Every structure is written in structure tokens, then in C-alpha cells.
Amino acid sequence: MSARFSRPTGRSSFPMSNPKVAAGASPVVLPAHRRRQRSRDTLPAAATESLSLQRSRANQLRLVTSAHASAGACRRLELFSRVCRRRPRLTGVRTRTMSSNCLANVGRLAPGENAILQNMEWKARIRKQLLQPELLPSSYDTAWVAMVPLPGSPQVPCFPQCVEWILQNQQGNGSWGLGQIDSSVNKDVLSSTLACVLALKRWNVGPEHIIRGLRFIGRNFSLAMDEQTPAPVGFNTTFAGMLSLAIEMDLEFPVRQTDVDGILHLRDMELERLYEDKSYGREAYMAYVAEGLGNLLNWNEVMKFQRKNGSFFNSPSSTAAALIHNYDDKALQYLKFTVNKFGSSVPTVYPTNIYCQLSMVDSLEKIGISHHFSCEIKSILDVTYSFWLQRDEQIVLDVATCAMTFRLLRMNGYDLSSDELSHVAEESTFHNSLQGYLNDTKSILELYKASHVSLLENEIILAKIGSWSGSLLTQKLFSDGGQRISIHGEIEYALKFPFYTTLERLDHKRNIEHFDAPGSHMLKTEYLPCRVNQELLSLATEDFTFSQSIYQDELLALDSWVKEYKLDQLQFARQKLTYCYLSVAASVFPPEMSDARISWAKNTVLVTVIDDFFDIGGSKEEQENLIRLVEKWHDHHKDDFCSEQVKILFWALYTTLNELGSMASTLQNRCVRNHLIEIWLQMVRCMMTEAEWQRSKCMPTMEEYMKSGYVSIGLGPTVLPTLYFLGEKLLGHVVKDEEYDELFRLASICGRLLNDRQGLKRESTDGKLNSISLLVHHSGGSMSIEAAKEAVYKIIVTSRRDLLRLFLKEDTAVPKPFKELFWKVCKILHFFYLQTDGFSSPNEKVSAVNAVIHEPLKPNVLIQL
């Protein structure tokens, strides 16, 4: 029923009670010049300095244009146009903000030029949003800014253009909110609608809008009491506070008094809990939701949360509430600047460029299309790094932004100290922040991800963050029933698969199929910093599907190669073509890198077969025969083969290596064939040494074992030839540099020891040597197998960390693309060997092969790694 509520006693109110209008008198009319004007006032010095940095940052980014297309991008366009006509139709992928058919629409694009033009349009829109983030207006925050009175004239709005925006943006159902994005009714829309109704009532304008808004609230009031429905931050406080204010304004709601009392009771309970907590985090939270507390707050205490730019938490609504209760010129100038920038509305957070841009960069990397925007990303990261060095408030005062900045900058080679995260090293200090008090899942997840980017042995701060954040995330998996499933899936994935254990193309597919708007989360209202979600998803889907068609063709060609050289007829050999190809397709994934993938896959197949030949397939005579043939190379004769299987092996190796060597020499403008032959000769000699150890039951020292083992693992013939096909010149002096050798050594140690940990049981049965069994043997019985495994794992961790540090180090002898391949190799090895011997297993990684190469994108399908 409809009821007019009397003003409750004992409840505090805002000092903005609605001025009564005498009978027959007109309500306050917004002057036309005030309704349309945009404030040109400047901010105070500190705020001007902060915001001028933002303008400088934007100007730097505008210098980046799409004109810097690389030769690789041109080749990619050529490849794309060639296969446009044979693209498979795509299945739909669900997102929160788009139709589930948006991906299917990609497949209906006209072939050829039209598809290329569409692709270019997507990139242009993404590039624009990346360089100049466009924020959505927040009805909730705009309403609170609209309620600010003009200083010295309490009956006149300071921002009439915001009042006008409210009048112009009511939805057909009477609500305000993100109706153009999501038509569903939720607590966010309910809260925004009530705020807008209050703003209109405050200035006695829009009576019809007010009536429609009140009816909408009445129809959906039960939603406010539903504890199972996700709610904006502080909803029980802010909504109840606005409800109290509405009652003071004599607004009528078509709801029962008992329902209103229930909402107010929720706030009373919330306040009781807040007053029992004496933490700094609680103070920050109360200042953040100040608009819901009014005179219950000590506004002088709230002022300590004011930032250099004049805002409170970069929140227009919090700042407006503070300004209403406690005039402050810096706060007023912040609101004037923000309203002036956005015209007649405000977003829910401003400034937020750093978070918006980094969230988008992170999303581009996660869905596999960052290479299209490498120039823009580099420019953004350069500017962000300068802000990091200045300890800009956008970074240091927001935990999620700080953690994301640290991770992205460090993983892109910028020099950052983990000491900058010392303020969240302990769980207790984290909970003293606003995000910590809110137990914000995204902030905790960002900290957990950042903690894994450790480059030094004694980065204690990162270790501490990883420990407590991992524990909290594990708890959340079992306790946050009301959280979105998407964030739960991301938590589970992050806990199970550290970033150094995953393959990029698998990650890309998973993230496309579970796409979530970059940076989106619920604050006091829904925060959607990215406005090109459909373009991101469409481009990623097109890119992945196009790449997949290339992978399928390459795998067919490789299968023909295996059969042509009769490698499938060797009974002793493991047939691992699909795993060999998966490892490179999921890592060196751009379509234009076809030659690199073919080189990698062919050499890896040959390494696997020849490894089996020295382990179990060949006699001593055959093994010696093969080595002599490799030593002779061009000088071999047709009568030099002692068996058919030696002939098959050598002929496949000889022909393939000559072909790849010729191609690589052409690309490098110098002969590299002898280098490739020497790499292979080193490996087969080490394999022969280990075969002799096995035959003679010799127990080498650990040093002797590793000297041979890091070569016999086979990364030399796999990785080193591939470097010649990455599209850049690999100069002779680089190949001989100590850094090059160290990259190879560290990656090979990881491979050797990871293989030993998972292959211990099988190799012991076969009588093969293993680092773990050697450690136990040479300890004289003082070391158990488990202790030996732990010792080996510590070496793996150290080698992996040193390799990552060397990869990320800038301006070294080995160019970045070549160093990156060694890091990708390390990830591949962890992918196959961290938990089981996935490479030897016939079924362990089959689902990954299908996901990357065969199966089209599907909605809501988790890849089983």
C-alpha cells in the first residue's frame, strides 16, 4: 500500500532538508545559463599538479598511432586474407554484457575484404579506448553531485547540468542505472534510482520523473531485503541512509512500513558492527560510504581521507557527501573539474586512467591479442612506470591497481622493487586498507598473482603476500556463495596453475570462453571501465579461430612428414607428434610464425625418437653407427648404415636438418647449417654417454650427470634452431655470448630435473640413471627419496627464477624475442612435468591438444589441463 512516512526520531539527517514551497508558488527553477554551463574553474595547486600529470599522460599516449605496423603484421594480414574464405562458422560465447550470439556473428562476416575491414575497425575502436578510456556515467554518483548546493545559495544547485542529465536519462521503467548495458533489475539499479529521485526532489523538479521512480522502487523494494542478491559496496548503509532522507522529504513509496523498518534495521545492525571495530580500515570504509551516514560521522575525521586532487577515494559521490556536510574548496574544485570533463554527468570513479588502461592491457594479454597493440601498450607502460616512480595516488592508494601495476610492469621488464608492496606484506596491514576491510576478492587475487613474479631469492615481501593471499582465496572458494561464478573460476585456476605452468594459447581459449569485461567490478555502483567489450571478444575470437585453422594445416603437413620418413614405423619410438606440436602452437602462436613452429615440431619429434633409440631401441653398434654418420654428415655413403632403423633415423635427420638449415641461412643472410649440426652432435654424444653408464651400471657424480643431462634433455636441437625463424637476425656473436649459454643452461636444468622428478619410478624400473636416485645413492643412505625430490625441486625453483630474471632484464646481449623463447620453453616443461610425466602419458594432454588445435570455441567449457 502507499504510505506517507513521518520523520523518525533519533535518526540523523543531512543538512539539506527540502525548502517548503508555499501554496501556489513555483518550485525552484534551474536557470538556463546554469543548466548548460560548464565550470571553467581550476583546481587548487596540489590537485592541478595531479590532474596535469593525467593530461600529460594522455598527450604522450596520443602520440602512438597505428602507423607503426610491423612486417609481421603485414604478413599476418596477407595470411588472413588468404584463409578468410575457409573460416569455419563460430559458436557463441557468453558474456555478461553481450548477446550470446555475438561470436556467431563474427562467422557470418562477408569473406575477403569485408572481413579484413571489420577486423581493422575492431582494432581502431580498441586502440581508441586503450589510449583514451571512455568511462560510463554513473547515475548514482551523478545524483549525489546534483545534490550539492551552490556555495552561499543553498536553494540553488551547484551543478544544474547534473540535474538536467538526471531528467534526460530516466529509463522507460522509471529507473536509473546502466539500463543501456544491462536491463536486469538489481540492487545497483535500485540504489541509483533512489539517489536520482532524491536529487530531483531536493530541487523540486521533475515531479513526473519522481513518481515513476518511486513506483519502480516500490515494485522492486523486496530486492533490497534479499540477502542472496549481490549488492553494491555499503548498500545496507547507503540505501537505508537515502531512505531516511526520502522520509524527511515526505516522499511516498508504495511499500509497507514494515519493509522500510526492515531496511533501517539492517543499517542499525551494520552500524553496531562498525562501531565495535576500531581499525583504520573501518574508518576508511565509513568515509567511503559517507553519503549513507550523514551527521553520524565526524566530518573532521573524514577529512584525513581527502586526496591531493581534492576527492575522497576518487569517488564523486563520497566527495559530494563530504562537500554537502563540510564545505571544502578542494573538494568543490575536484567536482567542478570532473563535471566539466564529462559534461553533465560523472563516472563512479575518477581519475582512474591507470586502472582502466592496465585492466585493458591485462585483458588483451589474457585473450591473446596484445601483439596487435604492442606500440600502444609499450607507451602506456612507460607512462605508468613514471607514475609508479612518483608514487601516484591512483596506484599506491588502491591495492588492486598497485598489485596489477607491479605485475604488469615487472613482467614487461621494468625495474621495480617488491619493497613497494610492503604496506600489504601482512594480512593485518591489508585489512587496514579500504579494499582489505571490504575483503575485496579482486584485490586479493591481484596480490596473489603479483606475488608469483619473484626475481630474487630473498623477496620476503612477495613470499608473505603469496602465503596469506593464497590462504584467503582458498577460503573464498568455499565461503563466498554470493560471488560471481566467473571470479570463482579465476581464483581456482590461479591457485591450481601458477603463471609459469600454463601455455598461452590454452589460457587464451579459456579466457575467451569465460570472457569478463576487463576491470569490471561492483563498487557503490557497477563499474565498467571498458566500453569495447564486444570488439575485444570479436577480435580475440576471430584471431583464435583463424590461428586454429593454420594449426590444423600445419599438423597435417607434419603428419605427412612423419610418414614420408617412416618415423611411425620405428617400433621402439614413442609417437608424440601431437604433443610436440602442441607445445609450440600453444606458445609461439601467431600465424606468421609458421616456420618457427614447423622447425620446433620436426626437431622435437626427432629428439624424442632418437632419445628412445638411445634408451631402448638401439644396440651399442647402432648407436655408434648413428653418431659416426652425424659426424661425417655430407660424407656419409649409402653403405654406411648397419641397420634399417639407423638408416631411417639418419635420413630423416639429415634431410630435415639440411632443409631447415637452408631456410634459416636464407633468413639470417649467413650459413647456420654447421651450427645446427653441431648442436645435434653434442646431444647424441651425451645420450651415448648415458647409454654407456646404463650398460656398465656406472654411478657418475651429480656434477657429471648434470653436465651430460642438461644437454641430453634435448632442448638444444629443439629450441636453438627455432631462434633462427623468429623474424629477427640472430648474430653469430650472440650465439657465442655467455648470456645465450646461461639461458640455455637454466632452461635445460629445469627440463632435466622436472623430467627426473616425474620419471623416477619408470626410469628406475628401466635401470636408467636419475638425479634423485643419484642424490640418494651418494648420500650414503642419509637422504630419503622425498628429501632428494625436495632438494631437486629447490634447484628447479632457483633456475626458473634466475631464467625469468634474465629474460626480463633489459638491454642485454641477447635480444628480447630470443630470450622470451627460452622462458616459453620453461613454461612448456612445467606444463608437461610439474604434476605428472604428461609427455610420456598417452592421454594426459589429449584434451589440451584438442582445445588448441581441433575444437572450436565454445561457451562455458573449462579446459581440462
# chains A, B, ... in the order shown; residues from 1 in each chain; ligands from 1
call {"tool": "residues_around", "arguments": {"residues": "Ala195 of chain A", "least_positions_apart": "3", "cutoff": "9 Å", "atoms": "only C-alpha atoms", "output": "ChimeraX atom specification"}}
result
/A:139-144,176,190-192,198-200,239,242
call {"tool": "select_by_dssp", "arguments": {"residues": "segment 588-821 of chain A", "states": "alpha helix (DSSP H)", "output": "MDAnalysis selection string"}}
result
chainID A and resid 594:612 620:632 644:668 673:696 702:712 715:723 732:735 738:765 771:778 785:808 816:821
call {"tool": "residues_around", "arguments": {"residues": "segment 275-283 of chain A", "least_positions_apart": "4", "cutoff": "7 Å", "atoms": "only C-alpha atoms", "output": "JSON, numbers by chain"}}
result
{"A": [271, 287, 431, 432, 433, 434, 437]}
call {"tool": "closest_atom_pairs", "arguments": {"of": "segment 291-310 of chain A", "to": "segment 244-256 of chain A", "cutoff": "12 Å", "atoms": "only C-alpha atoms", "output": "JSON lines"}}
result
{"residue": "A:Glu291", "atom": "CA", "partner": "A:Leu245", "partner_atom": "CA", "distance": 10.4}
{"residue": "A:Gly292", "atom": "CA", "partner": "A:Ser244", "partner_atom": "CA", "distance": 9.2}
{"residue": "A:Leu293", "atom": "CA", "partner": "A:Ser244", "partner_atom": "CA", "distance": 10.1}
{"residue": "A:Gly294", "atom": "CA", "partner": "A:Leu245", "partner_atom": "CA", "distance": 9.5}
{"residue": "A:Asn295", "atom": "CA", "partner": "A:Leu245", "partner_atom": "CA", "distance": 11.7}
call {"tool": "write_last_selection", "arguments": {"atoms": "C-alpha atoms", "output": "CSV table (one decimal), in the first residue's frame"}}
result
chain,number,residue,atom,x,y,z
A,291,GLU,CA,26.5,9.6,2.0
A,292,GLY,CA,24.7,6.9,3.9
A,293,LEU,CA,25.8,8.1,7.3
A,294,GLY,CA,25.3,11.9,7.3
A,295,ASN,CA,25.6,13.5,10.7
call {"tool": "residues_around", "arguments": {"residues": "Ile749 of chain A", "least_positions_apart": "3", "cutoff": "12 Å", "atoms": "only C-alpha atoms", "output": "JSON, numbers by chain"}}
result
{"A": [705, 706, 707, 708, 709, 710, 711, 712, 713, 714, 715, 742, 743, 744, 745, 746, 752, 753, 754, 755, 756, 771, 792, 793, 794, 795, 796, 797, 798, 799, 800, 802, 803, 822, 825, 826, 829, 830]}
call {"tool": "write_last_selection", "arguments": {"atoms": "N, CA, C and O atoms", "output": "short mmCIF file (atom, residue, chain, number, x, y, z; two decimals), in the first residue's frame"}}
result
data_model
loop_
_atom_site.label_atom_id
_atom_site.label_comp_id
_atom_site.auth_asym_id
_atom_site.auth_seq_id
_atom_site.Cartn_x
_atom_site.Cartn_y
_atom_site.Cartn_z
N TYR A 705 76.67 -36.11 -14.02
CA TYR A 705 75.33 -36.39 -14.54
C TYR A 705 74.70 -35.14 -15.13
O TYR A 705 74.15 -35.16 -16.23
N MET A 706 74.77 -34.02 -14.40
CA MET A 706 74.13 -32.79 -14.86
C MET A 706 74.86 -32.21 -16.07
O MET A 706 74.22 -31.62 -16.95
N LYS A 707 76.18 -32.38 -16.15
CA LYS A 707 76.94 -31.89 -17.29
C LYS A 707 76.45 -32.53 -18.59
O LYS A 707 76.36 -31.89 -19.64
N SER A 708 76.12 -33.81 -18.49
CA SER A 708 75.57 -34.52 -19.65
C SER A 708 74.06 -34.33 -19.76
O SER A 708 73.52 -34.13 -20.84
N GLY A 709 73.37 -34.38 -18.61
CA GLY A 709 71.92 -34.39 -18.60
C GLY A 709 71.27 -33.14 -19.12
O GLY A 709 70.20 -33.19 -19.75
N TYR A 710 71.86 -31.98 -18.87
CA TYR A 710 71.21 -30.76 -19.34
C TYR A 710 71.33 -30.61 -20.86
O TYR A 710 70.61 -29.83 -21.47
N VAL A 711 72.24 -31.40 -21.47
CA VAL A 711 72.33 -31.43 -22.93
C VAL A 711 71.42 -32.52 -23.50
O VAL A 711 70.69 -32.31 -24.47
N SER A 712 71.43 -33.70 -22.84
CA SER A 712 70.66 -34.84 -23.37
C SER A 712 69.16 -34.66 -23.25
O SER A 712 68.39 -35.38 -23.89
N ILE A 713 68.69 -33.67 -22.46
CA ILE A 713 67.25 -33.42 -22.38
C ILE A 713 66.71 -32.97 -23.73
O ILE A 713 65.52 -33.08 -24.01
N GLY A 714 67.59 -32.47 -24.60
CA GLY A 714 67.20 -32.23 -25.99
C GLY A 714 66.70 -30.86 -26.33
O GLY A 714 66.16 -30.64 -27.43
N LEU A 715 66.89 -29.87 -25.45
CA LEU A 715 66.42 -28.53 -25.77
C LEU A 715 67.28 -27.85 -26.83
O LEU A 715 66.80 -26.98 -27.55
N GLU A 742 73.87 -19.19 -20.79
CA GLU A 742 73.21 -19.26 -19.49
C GLU A 742 71.71 -19.46 -19.64
O GLU A 742 71.08 -20.22 -18.88
N LEU A 743 71.10 -18.81 -20.61
CA LEU A 743 69.68 -19.02 -20.88
C LEU A 743 69.41 -20.50 -21.20
O LEU A 743 68.46 -21.10 -20.68
N PHE A 744 70.25 -21.05 -22.06
CA PHE A 744 70.11 -22.46 -22.44
C PHE A 744 70.32 -23.37 -21.23
O PHE A 744 69.58 -24.34 -21.02
N ARG A 745 71.33 -23.07 -20.43
CA ARG A 745 71.64 -23.92 -19.27
C ARG A 745 70.50 -23.92 -18.25
O ARG A 745 70.09 -24.99 -17.77
N LEU A 746 69.97 -22.74 -17.94
CA LEU A 746 68.91 -22.65 -16.93
C LEU A 746 67.64 -23.36 -17.39
O LEU A 746 67.01 -24.09 -16.61
N ARG A 752 65.60 -30.99 -17.31
CA ARG A 752 66.21 -32.24 -16.84
C ARG A 752 65.64 -32.68 -15.49
O ARG A 752 65.26 -33.83 -15.29
N LEU A 753 65.58 -31.73 -14.55
CA LEU A 753 65.16 -32.08 -13.20
C LEU A 753 63.65 -32.29 -13.08
O LEU A 753 63.20 -33.14 -12.31
N LEU A 754 62.86 -31.52 -13.82
CA LEU A 754 61.42 -31.77 -13.84
C LEU A 754 61.13 -33.17 -14.40
O LEU A 754 60.30 -33.90 -13.87
N ASN A 755 61.83 -33.52 -15.45
CA ASN A 755 61.68 -34.85 -16.05
C ASN A 755 62.09 -35.93 -15.06
O ASN A 755 61.43 -36.97 -14.92
N ASP A 756 63.19 -35.69 -14.33
CA ASP A 756 63.67 -36.68 -13.37
C ASP A 756 62.68 -36.89 -12.23
O ASP A 756 62.48 -38.03 -11.77
N SER A 771 68.66 -38.03 -11.40
CA SER A 771 69.29 -37.16 -10.41
C SER A 771 68.85 -37.49 -9.00
O SER A 771 69.65 -37.40 -8.05
N VAL A 792 65.91 -31.38 -5.26
CA VAL A 792 65.86 -31.16 -6.71
C VAL A 792 64.86 -30.05 -7.03
O VAL A 792 65.12 -29.20 -7.90
N TYR A 793 63.74 -30.03 -6.33
CA TYR A 793 62.73 -29.00 -6.60
C TYR A 793 63.27 -27.61 -6.28
O TYR A 793 62.97 -26.64 -6.99
N LYS A 794 64.07 -27.49 -5.24
CA LYS A 794 64.66 -26.19 -4.91
C LYS A 794 65.57 -25.70 -6.02
O LYS A 794 65.61 -24.50 -6.33
N ILE A 795 66.30 -26.63 -6.63
CA ILE A 795 67.15 -26.25 -7.76
C ILE A 795 66.29 -25.78 -8.93
O ILE A 795 66.63 -24.81 -9.63
N ILE A 796 65.17 -26.46 -9.15
CA ILE A 796 64.24 -26.06 -10.22
C ILE A 796 63.73 -24.65 -9.98
O ILE A 796 63.72 -23.80 -10.89
N VAL A 797 63.30 -24.37 -8.74
CA VAL A 797 62.76 -23.04 -8.41
C VAL A 797 63.82 -21.96 -8.63
O VAL A 797 63.54 -20.90 -9.22
N THR A 798 65.03 -22.23 -8.17
CA THR A 798 66.11 -21.26 -8.34
C THR A 798 66.42 -21.03 -9.81
O THR A 798 66.57 -19.88 -10.26
N SER A 799 66.51 -22.10 -10.58
CA SER A 799 66.81 -21.98 -12.02
C SER A 799 65.69 -21.24 -12.75
O SER A 799 65.96 -20.40 -13.62
N ARG A 800 64.45 -21.54 -12.39
CA ARG A 800 63.31 -20.87 -13.03
C ARG A 800 63.32 -19.37 -12.72
O ARG A 800 63.11 -18.53 -13.60
N ASP A 802 65.93 -17.53 -11.83
CA ASP A 802 67.07 -16.90 -12.49
C ASP A 802 66.81 -16.72 -13.99
O ASP A 802 67.20 -15.71 -14.58
N LEU A 803 66.13 -17.70 -14.58
CA LEU A 803 65.80 -17.60 -16.00
C LEU A 803 64.82 -16.46 -16.25
O LEU A 803 64.97 -15.67 -17.20
N PHE A 822 63.24 -18.91 -24.60
CA PHE A 822 63.75 -19.75 -23.51
C PHE A 822 62.77 -19.77 -22.34
O PHE A 822 62.58 -20.81 -21.70
N VAL A 825 59.94 -22.01 -23.19
CA VAL A 825 60.37 -23.40 -23.03
C VAL A 825 60.22 -23.84 -21.58
O VAL A 825 59.73 -24.94 -21.28
N CYS A 826 60.62 -22.97 -20.67
CA CYS A 826 60.49 -23.28 -19.24
C CYS A 826 59.04 -23.53 -18.87
O CYS A 826 58.71 -24.46 -18.12
N LEU A 829 57.90 -26.93 -20.20
CA LEU A 829 58.42 -28.03 -19.36
C LEU A 829 57.60 -28.17 -18.09
O LEU A 829 57.30 -29.29 -17.65
N HIS A 830 57.25 -27.05 -17.48
CA HIS A 830 56.41 -27.12 -16.27
C HIS A 830 55.01 -27.64 -16.61
O HIS A 830 54.41 -28.37 -15.82
#
call {"tool": "residues_around", "arguments": {"residues": "Pro700 of chain A", "least_positions_apart": "4", "cutoff": "10 Å", "atoms": "only C-alpha atoms", "output": "mmCIF file with C-alpha atoms, in the first residue's frame"}}
result
data_model
loop_
_atom_site.group_PDB
_atom_site.id
_atom_site.type_symbol
_atom_site.label_atom_id
_atom_site.label_comp_id
_atom_site.auth_asym_id
_atom_site.auth_seq_id
_atom_site.Cartn_x
_atom_site.Cartn_y
_atom_site.Cartn_z
ATOM 1 C CA GLU A 690 74.344 -42.011 -20.584
ATOM 2 C CA TRP A 693 76.552 -45.561 -17.929
ATOM 3 C CA GLU A 704 78.977 -35.446 -14.190
ATOM 4 C CA TYR A 705 75.331 -36.387 -14.538
ATOM 5 C CA MET A 706 74.134 -32.794 -14.864
ATOM 6 C CA LEU A 769 70.090 -43.015 -14.063
ATOM 7 C CA LEU A 774 71.940 -40.393 -7.633
ATOM 8 C CA HIS A 778 75.773 -40.622 -2.989
#
call {"tool": "atom_distance", "arguments": {"atom1": "atom CA of Thr348 of chain A", "atom2": "atom CA of Tyr527 of chain A"}}
result
6.7 Å
call {"tool": "atom_distance", "arguments": {"atom1": "atom CA of Gly781 of chain A", "atom2": "atom CA of Ser764 of chain A"}}
result
17.0 Å
call {"tool": "select_by_dssp", "arguments": {"residues": "segment 146-283 of chain A", "states": "strand (DSSP E or B)", "output": "PyMOL selection string"}}
result
chain A and resi 149-150+153-157+252-253
call {"tool": "decode", "arguments": {"residues": "segment 736-747 of chain A", "atoms": "all heavy atoms", "output": "tab-separated table (two decimals), in the first residue's frame"}}
result
chain	number	residue	atom	x	y	z
A	736	LYS	N	77.41	-17.00	-29.38
A	736	LYS	CA	78.60	-17.36	-28.60
A	736	LYS	C	78.68	-16.62	-27.27
A	736	LYS	O	79.62	-16.82	-26.51
A	736	LYS	CB	79.86	-17.05	-29.42
A	736	LYS	CG	79.95	-17.86	-30.72
A	736	LYS	CD	81.16	-17.43	-31.55
A	736	LYS	CE	81.20	-18.21	-32.86
A	736	LYS	NZ	82.34	-17.77	-33.73
A	737	ASP	N	77.70	-15.77	-26.99
A	737	ASP	CA	77.73	-14.97	-25.77
A	737	ASP	C	77.41	-15.80	-24.54
A	737	ASP	O	76.64	-16.77	-24.59
A	737	ASP	CB	76.72	-13.82	-25.88
A	737	ASP	CG	76.93	-12.76	-24.82
A	737	ASP	OD1	77.70	-11.81	-25.08
A	737	ASP	OD2	76.34	-12.88	-23.73
A	738	GLU	N	77.98	-15.42	-23.39
A	738	GLU	CA	77.75	-16.14	-22.13
A	738	GLU	C	76.27	-16.12	-21.74
A	738	GLU	O	75.75	-17.08	-21.16
A	738	GLU	CB	78.60	-15.53	-21.02
A	738	GLU	CG	80.09	-15.76	-21.16
A	738	GLU	CD	80.88	-15.16	-20.01
A	738	GLU	OE1	80.23	-14.56	-19.11
A	738	GLU	OE2	82.11	-15.29	-20.01
A	739	GLU	N	75.60	-15.02	-22.02
A	739	GLU	CA	74.18	-14.91	-21.66
A	739	GLU	C	73.36	-15.96	-22.43
A	739	GLU	O	72.45	-16.58	-21.86
A	739	GLU	CB	73.66	-13.51	-21.97
A	739	GLU	CG	72.19	-13.31	-21.57
A	739	GLU	CD	71.61	-12.02	-22.09
A	739	GLU	OE1	72.27	-11.32	-22.85
A	739	GLU	OE2	70.46	-11.72	-21.72
A	740	TYR	N	73.66	-16.13	-23.68
A	740	TYR	CA	72.98	-17.15	-24.50
A	740	TYR	C	73.17	-18.53	-23.89
A	740	TYR	O	72.21	-19.30	-23.75
A	740	TYR	CB	73.57	-17.08	-25.91
A	740	TYR	CG	72.98	-18.03	-26.92
A	740	TYR	CD1	71.91	-17.65	-27.72
A	740	TYR	CD2	73.53	-19.30	-27.12
A	740	TYR	CE1	71.39	-18.52	-28.67
A	740	TYR	CE2	73.01	-20.17	-28.07
A	740	TYR	CZ	71.94	-19.77	-28.85
A	740	TYR	OH	71.42	-20.62	-29.80
A	741	ASP	N	74.41	-18.85	-23.49
A	741	ASP	CA	74.70	-20.14	-22.87
A	741	ASP	C	73.96	-20.30	-21.55
A	741	ASP	O	73.47	-21.39	-21.22
A	741	ASP	CB	76.20	-20.31	-22.65
A	741	ASP	CG	76.98	-20.44	-23.95
A	741	ASP	OD1	76.36	-20.85	-24.95
A	741	ASP	OD2	78.18	-20.14	-23.97
A	742	GLU	N	73.87	-19.19	-20.79
A	742	GLU	CA	73.21	-19.26	-19.49
A	742	GLU	C	71.71	-19.46	-19.64
A	742	GLU	O	71.08	-20.22	-18.88
A	742	GLU	CB	73.50	-17.98	-18.69
A	742	GLU	CG	72.92	-17.95	-17.29
A	742	GLU	CD	73.55	-18.97	-16.33
A	742	GLU	OE1	74.45	-19.72	-16.74
A	742	GLU	OE2	73.12	-18.99	-15.16
A	743	LEU	N	71.10	-18.81	-20.61
A	743	LEU	CA	69.68	-19.02	-20.88
A	743	LEU	C	69.41	-20.50	-21.20
A	743	LEU	O	68.46	-21.10	-20.68
A	743	LEU	CB	69.23	-18.14	-22.05
A	743	LEU	CG	69.11	-16.64	-21.78
A	743	LEU	CD1	69.10	-15.87	-23.10
A	743	LEU	CD2	67.86	-16.33	-20.98
A	744	PHE	N	70.25	-21.05	-22.06
A	744	PHE	CA	70.11	-22.46	-22.44
A	744	PHE	C	70.32	-23.37	-21.23
A	744	PHE	O	69.58	-24.34	-21.02
A	744	PHE	CB	71.10	-22.79	-23.55
A	744	PHE	CG	71.17	-24.25	-23.89
A	744	PHE	CD1	70.08	-24.91	-24.42
A	744	PHE	CD2	72.34	-24.97	-23.66
A	744	PHE	CE1	70.15	-26.27	-24.73
A	744	PHE	CE2	72.42	-26.33	-23.96
A	744	PHE	CZ	71.31	-26.97	-24.50
A	745	ARG	N	71.33	-23.07	-20.43
A	745	ARG	CA	71.64	-23.92	-19.27
A	745	ARG	C	70.50	-23.92	-18.25
A	745	ARG	O	70.09	-24.99	-17.77
A	745	ARG	CB	72.93	-23.42	-18.60
A	745	ARG	CG	73.45	-24.33	-17.49
A	745	ARG	CD	74.64	-23.71	-16.78
A	745	ARG	NE	74.24	-22.57	-15.97
A	745	ARG	CZ	73.78	-22.69	-14.71
A	745	ARG	NH1	73.65	-23.88	-14.15
A	745	ARG	NH2	73.44	-21.61	-14.03
A	746	LEU	N	69.97	-22.74	-17.94
A	746	LEU	CA	68.91	-22.65	-16.93
A	746	LEU	C	67.64	-23.36	-17.39
A	746	LEU	O	67.01	-24.09	-16.61
A	746	LEU	CB	68.62	-21.19	-16.62
A	746	LEU	CG	69.72	-20.42	-15.88
A	746	LEU	CD1	69.40	-18.93	-15.84
A	746	LEU	CD2	69.92	-20.96	-14.47
A	747	ALA	N	67.26	-23.15	-18.65
A	747	ALA	CA	66.07	-23.83	-19.17
A	747	ALA	C	66.27	-25.34	-19.19
A	747	ALA	O	65.36	-26.11	-18.84
A	747	ALA	CB	65.75	-23.32	-20.57
